[in-house]
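Peer 1: Next comes entry_23.cif, mmCIF, C-alpha atoms:
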```cif
data_input
#
loop_
_atom_site.label_atom_id
_atom_site.label_comp_id
_atom_site.auth_asym_id
_atom_site.auth_seq_id
_atom_site.Cartn_x
_atom_site.Cartn_y
_atom_site.Cartn_z
CA MET A 293 99.32 69.80 104.80
CA THR A 294 100.65 71.76 107.76
CA ASP A 295 102.60 69.36 110.00
CA ALA A 296 104.53 66.09 109.64
CA VAL A 297 104.75 63.80 112.64
CA SER A 298 106.42 60.47 113.33
CA SER A 299 108.16 58.58 116.11
CA SER A 300 110.98 57.40 113.83
CA GLY A 301 113.02 60.43 112.83
CA ASN A 302 115.56 58.28 110.95
CA LEU A 303 116.93 60.37 108.06
CA ASN A 304 117.73 57.18 106.15
CA ASP A 305 114.04 56.24 106.19
CA GLN A 306 112.52 59.50 104.99
CA LEU A 307 109.21 59.02 103.25
CA ASN A 308 107.60 60.48 100.18
CA ILE A 309 105.67 63.42 101.60
CA ALA A 310 102.43 62.59 99.78
CA GLU A 311 102.48 59.01 101.05
CA PHE A 312 103.33 60.19 104.54
CA PHE A 313 100.42 62.61 104.72
CA ASP A 314 98.07 60.04 103.20
CA ALA A 315 98.88 57.81 106.17
CA GLN A 316 98.49 60.65 108.67
CA TYR A 317 95.12 61.74 107.32
CA LEU A 318 93.89 58.15 107.36
CA SER A 319 94.94 57.77 111.00
CA GLU A 320 92.20 59.99 112.50
CA PRO A 321 88.73 61.12 111.44
CA ARG A 322 89.91 64.72 111.83
CA TYR A 323 93.63 65.33 111.91
CA TRP A 324 93.22 69.11 112.33
CA TRP A 325 90.62 71.49 113.76
CA ARG A 326 88.67 69.10 115.98
CA ASP A 327 86.82 72.01 117.58
CA LYS A 328 83.15 72.11 116.56
CA GLU A 329 83.44 75.85 115.83
CA ARG A 330 86.12 75.28 113.18
CA TYR A 331 84.08 77.12 110.53
CA ALA A 332 82.91 80.04 112.67
CA PRO A 333 82.80 83.21 110.50
CA ASP A 334 83.84 85.79 113.09
CA ALA A 335 87.43 86.59 114.07
CA ASP A 336 86.66 86.61 117.79
CA SER A 337 86.02 82.86 117.64
CA TYR A 338 89.77 82.23 117.19
CA PRO A 339 91.60 83.69 120.21
CA PHE A 340 94.13 80.84 120.04
CA SER A 341 94.78 81.01 116.28
CA LEU A 342 96.45 84.30 115.44
CA VAL A 343 96.69 83.63 111.70
CA THR A 344 93.01 82.64 111.36
CA GLN A 345 91.85 85.56 113.49
CA MET A 346 93.91 88.16 111.63
CA THR A 347 92.98 86.77 108.21
CA LEU A 348 89.29 87.16 109.03
CA ARG A 349 89.88 90.71 110.29
CA LEU A 350 91.78 91.75 107.15
CA ILE A 351 89.98 90.12 104.25
CA GLY A 352 87.62 92.07 102.05
CA ARG A 353 83.96 91.41 101.52
CA PRO A 354 82.93 88.59 99.18
CA PRO A 355 82.82 87.88 96.34
CA GLY A 356 86.52 87.23 95.96
CA ARG A 357 88.81 84.42 94.82
CA VAL A 358 90.79 82.41 97.37
CA LEU A 359 93.61 79.90 96.81
CA ASP A 360 94.55 77.59 99.69
CA LEU A 361 97.90 75.90 99.02
CA GLY A 362 98.47 72.79 101.12
CA ALA A 363 94.90 72.92 102.37
CA GLY A 364 95.06 69.90 104.69
CA GLU A 365 91.50 68.85 105.54
CA GLY A 366 90.14 72.15 104.28
CA ALA A 367 89.14 74.06 107.42
CA ASP A 368 90.33 77.40 106.04
CA SER A 369 88.89 76.69 102.61
CA ILE A 370 85.47 75.64 103.92
CA ARG A 371 85.26 78.55 106.35
CA LEU A 372 85.93 81.04 103.56
CA ALA A 373 83.59 79.28 101.14
CA LEU A 374 80.79 79.54 103.71
CA LEU A 375 81.49 83.27 103.88
CA GLY A 376 80.84 83.51 100.14
CA TYR A 377 84.28 83.30 98.56
CA ASP A 378 85.18 81.31 95.43
CA VAL A 379 87.73 78.91 96.95
CA SER A 380 90.25 76.59 95.32
CA ALA A 381 92.08 74.13 97.59
CA VAL A 382 95.32 72.45 96.50
CA GLU A 383 96.62 69.44 98.42
CA ILE A 384 99.35 66.89 97.68
CA SER A 385 97.62 64.16 99.69
CA LYS A 386 94.84 62.37 97.85
CA VAL A 387 93.35 61.31 101.17
CA ALA A 388 93.28 64.90 102.42
CA ALA A 389 91.72 66.07 99.15
CA GLU A 390 88.95 63.50 99.53
CA LYS A 391 88.36 64.66 103.10
CA ILE A 392 88.11 68.30 101.96
CA SER A 393 85.40 67.34 99.50
CA MET A 394 83.60 65.24 102.12
CA PHE A 395 83.78 67.88 104.86
CA ALA A 396 82.75 70.64 102.44
CA LYS A 397 79.67 68.64 101.42
CA GLU A 398 78.79 68.06 105.09
CA ALA A 399 79.06 71.81 105.70
CA ASN A 400 77.06 72.71 102.56
CA ALA A 401 80.08 74.56 101.17
CA THR A 402 81.49 74.58 97.64
CA VAL A 403 85.26 74.17 97.38
CA ASN A 404 87.17 73.42 94.20
CA VAL A 405 89.68 70.72 95.18
CA GLU A 406 92.77 69.78 93.21
CA VAL A 407 95.42 67.15 93.99
CA ALA A 408 98.77 68.70 93.10
CA ASP A 409 102.27 69.39 94.37
CA VAL A 410 102.63 73.02 95.48
CA VAL A 411 106.21 72.94 94.16
CA THR A 412 105.03 72.60 90.55
CA TYR A 413 101.50 74.00 90.83
CA GLU A 414 100.67 76.95 88.56
CA PRO A 415 97.81 79.11 89.91
CA LYS A 416 94.98 79.61 87.46
CA GLY A 417 94.07 83.28 87.22
CA ASP A 418 94.32 85.98 89.87
CA PHE A 419 93.32 85.73 93.52
CA ASP A 420 92.34 88.13 96.28
CA LEU A 421 93.67 85.88 99.02
CA ILE A 422 96.32 83.16 98.87
CA ILE A 423 96.98 81.00 101.92
CA CYS A 424 100.12 78.90 102.35
CA ASN A 425 99.91 77.57 105.89
CA GLY A 426 102.40 74.95 107.09
CA VAL A 427 103.76 74.13 103.65
CA LEU A 428 106.95 76.06 102.89
CA HIS A 429 109.04 74.29 105.54
CA TYR A 430 108.71 71.16 103.38
CA ILE A 431 109.97 72.95 100.27
CA ASP A 432 113.59 73.77 99.39
CA ASP A 433 112.78 76.09 96.48
CA LYS A 434 110.66 78.53 98.42
CA LYS A 435 111.43 81.38 96.02
CA THR A 436 109.66 79.77 93.06
CA VAL A 437 106.54 79.03 95.12
CA VAL A 438 106.37 82.52 96.63
CA ASP A 439 107.05 84.12 93.24
CA ARG A 440 104.01 82.30 91.83
CA MET A 441 101.89 83.28 94.81
CA GLN A 442 102.80 86.93 94.45
CA ALA A 443 102.27 86.95 90.69
CA ALA A 444 98.81 85.39 91.13
CA THR A 445 97.73 87.94 93.76
CA ARG A 446 95.62 90.89 92.65
CA ALA A 447 96.61 94.42 93.63
CA GLY A 448 95.36 94.98 97.16
CA GLY A 449 95.13 91.23 97.73
CA ILE A 450 96.60 89.33 100.65
CA ASN A 451 99.09 86.48 101.14
CA VAL A 452 98.90 84.50 104.39
CA ILE A 453 101.96 82.40 105.24
CA SER A 454 102.99 80.27 108.19
CA LEU A 455 106.11 78.11 108.26
CA TRP A 456 108.64 76.79 110.75
CA SER A 457 111.66 78.94 111.46
CA THR A 458 115.22 77.90 112.22
CA TYR A 459 114.99 79.45 115.70
CA THR A 460 114.08 76.00 117.05
CA PRO A 461 115.91 72.94 115.67
CA VAL A 462 113.66 70.49 113.85
CA PRO A 463 112.53 67.89 116.41
CA GLU A 464 113.76 64.37 115.75
CA CYS A 465 110.19 63.09 115.56
CA HIS A 466 109.62 65.25 112.47
CA GLU A 467 112.62 64.11 110.47
CA VAL A 468 110.69 61.29 108.81
CA VAL A 469 110.22 63.65 105.83
CA PRO A 470 112.65 66.30 104.52
CA VAL A 471 112.25 69.64 106.30
CA SER A 472 113.66 73.00 105.21
CA CYS A 473 112.94 75.78 107.70
CA ASP A 474 113.67 79.45 107.00
CA ASP A 475 115.39 82.10 109.09
CA GLU A 476 113.11 84.62 110.77
CA HIS A 477 114.47 87.40 108.57
CA GLY A 478 115.26 85.01 105.75
CA LEU A 479 114.14 84.55 102.16
CA VAL A 480 110.38 84.40 102.71
CA VAL A 481 110.12 87.54 104.84
CA LYS A 482 112.50 89.45 102.58
CA MET A 483 110.40 88.58 99.52
CA TYR A 484 107.62 90.72 101.06
CA ASP A 485 109.77 93.80 101.69
CA GLU A 486 107.86 95.73 99.01
CA TRP A 487 104.44 94.59 100.27
CA ILE A 488 102.43 96.06 103.12
CA LYS A 489 102.99 93.81 106.14
CA GLU A 490 99.69 93.53 107.96
CA MET A 491 101.21 91.08 110.45
CA LEU A 492 104.69 89.66 111.07
CA TYR A 493 104.99 87.48 114.15
CA PHE A 494 107.80 85.16 115.23
CA ASP A 495 106.16 82.53 117.42
CA ARG A 496 109.14 81.01 119.23
CA ASN A 497 109.42 77.62 120.94
CA ARG A 498 105.73 76.90 120.79
CA VAL A 499 104.82 73.54 122.32
CA GLU A 500 103.04 71.32 119.82
CA THR A 501 99.56 70.40 121.04
CA SER A 502 97.78 69.45 117.80
CA HIS A 503 98.41 65.72 117.94
CA SER A 504 98.18 62.92 120.47
CA GLY A 505 100.42 59.90 120.82
CA MET A 506 103.73 61.61 120.03
CA PRO A 507 106.68 62.91 122.05
CA SER A 508 106.49 66.39 123.54
CA HIS A 509 108.30 68.88 121.30
CA SER A 510 108.31 72.49 120.15
CA HIS A 511 108.45 74.52 116.94
CA SER A 512 109.14 78.14 116.12
CA HIS A 513 106.97 79.71 113.42
CA ILE A 514 107.13 82.62 111.02
CA LYS A 515 103.60 84.01 110.65
CA LEU A 516 103.20 86.61 107.94
CA ILE A 517 100.22 88.38 106.40
CA ALA A 518 101.09 90.84 103.64
CA ARG A 519 99.05 92.95 101.24
CA LYS A 520 100.12 93.53 97.64
CA PRO A 521 100.55 97.24 96.85
CA GLY A 522 97.79 98.83 94.83
CA ILE A 523 94.02 98.98 95.02
CA SER A 524 91.77 96.30 93.62
CA THR A 525 88.51 97.47 92.11
CA LYS A 526 87.09 93.98 92.69
CA TRP A 527 87.93 93.53 96.35
CA LEU A 528 88.31 96.45 98.74
CA PRO A 529 89.41 96.13 102.38
CA LYS A 530 86.83 96.41 105.11
CA SER A 531 86.10 99.98 106.22
#
```
What's the structure tokens form of this structure?

Peer 2:
Amino acid sequence: MTDAVSSSGNLNDQLNIAEFFDAQYLSEPRYWWRDKERYAPDADSYPFSLVTQMTLRLIGRPPGRVLDLGAGEGADSIRLALLGYDVSAVEISKVAAEKISMFAKEANATVNVEVADVVTYEPKGDFDLIICNGVLHYIDDKKTVVDRMQAATRAGGINVISLWSTYTPVPECHEVVPVSCDDEHGLVVKMYDEWIKEMLYFDRNRVETSHSGMPSHSHSHIKLIARKPGISTKWLPKS
């Protein structure tokens, strides 16, 4: 899912988020990750993506189960599937889900794709890695979603989260859908107080460069990678 964009910004004309993202994902062949090295397996290939780089440095060796909530066009899911993980991708946009399946086939990767709303989605089984990148700022009830993520994470497993923070006001061009940012030391970060924080980074006033044909604007992000206490016998960290 990751990022809503529009030139309207009229709160009286807010769209259903699934319909909005369907339109966005139809608008370009690749809405995200246009770089040809989008599926590169090594962390050093991502000097401009802190979350991707750190996730690759911290994850254990396959096999392992991965859940990608709000998977967008599936770059994270496909990259991890190519590394040998059992990956499930959940996406509210039917168009995005179709693109995940198409791009995975092109890359000779196997990704289990499900169209569902992260707000009501119930993870099936336990996972070694759960990614929720660019989703929680569209969700009011963040606690329920994070509770489910944490409950579905195996001991020693990792949660990777990125969402907009309140440090920067929501740009007018993004108000076409409801947005609910969190404080830097707000609910989401506090819910991981008992976990091992592998990374906590407040990326402030970052200029948006992912899309063309829209006004210049900035976001602030909360980027968090946390490990659940305990040791998994199925998935040990890299030595």

Peer 1: Could you list the residues chosen by the PyMOL selection byres ((chain A and resi 394-396) around 12) in this structure as a ChimeraX atom specification?

Peer 2: /A:321-322,325,330-331,364-374,379-381,387-393,397-405

Peer 1: Return the padded bounding box of region 320-335 of chain A as lines of an AutoDock Vina configuration file: axis-aligned, built from all atoms listed in the file, 4 Å added on each side, with centre and edge lengths in Å to one decimal.

Peer 2:
```
center_x = 88.2
center_y = 73.3
center_z = 114.0
size_x = 18.8
size_y = 34.6
size_z = 15.1
```

Peer 1: To one decimal place in Å, what is the distance between CA of Ile450 (chain A) and CA of Ile351 (chain A)?

Peer 2: 7.6 Å

Peer 1: Would you please work out which residue, of A:Lys416, A:Arg498, A:Arg326, A:Lys515, is nearest to Asp474 (chain A) when using only C-alpha atoms?

Peer 2: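 Of A:Lys416, A:Arg498, A:Arg326, A:Lys515, the one nearest Asp474 (chain A) is A:Lys515, counting only C-alpha atoms.
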
Peer 1: I need the output of the PyMOL selection byres ((chain A and resi 425) around 8) for this file as a PDB file with C-alpha atoms, in the coordinates of the input; which residues are they?

Peer 2:
```pdb
ATOM      1  CA  MET A 293      99.320  69.800 104.800  1.00  0.00           C
ATOM      2  CA  THR A 294     100.650  71.760 107.760  1.00  0.00           C
ATOM      3  CA  LEU A 361      97.900  75.900  99.020  1.00  0.00           C
ATOM      4  CA  GLY A 362      98.470  72.790 101.120  1.00  0.00           C
ATOM      5  CA  ALA A 363      94.900  72.920 102.370  1.00  0.00           C
ATOM      6  CA  ILE A 423      96.980  81.000 101.920  1.00  0.00           C
ATOM      7  CA  CYS A 424     100.120  78.900 102.350  1.00  0.00           C
ATOM      8  CA  GLY A 426     102.400  74.950 107.090  1.00  0.00           C
ATOM      9  CA  VAL A 427     103.760  74.130 103.650  1.00  0.00           C
ATOM     10  CA  LEU A 428     106.950  76.060 102.890  1.00  0.00           C
ATOM     11  CA  VAL A 452      98.900  84.500 104.390  1.00  0.00           C
ATOM     12  CA  ILE A 453     101.960  82.400 105.240  1.00  0.00           C
ATOM     13  CA  SER A 454     102.990  80.270 108.190  1.00  0.00           C
ATOM     14  CA  LEU A 455     106.110  78.110 108.260  1.00  0.00           C
TER      15      LEU A 455
END
```
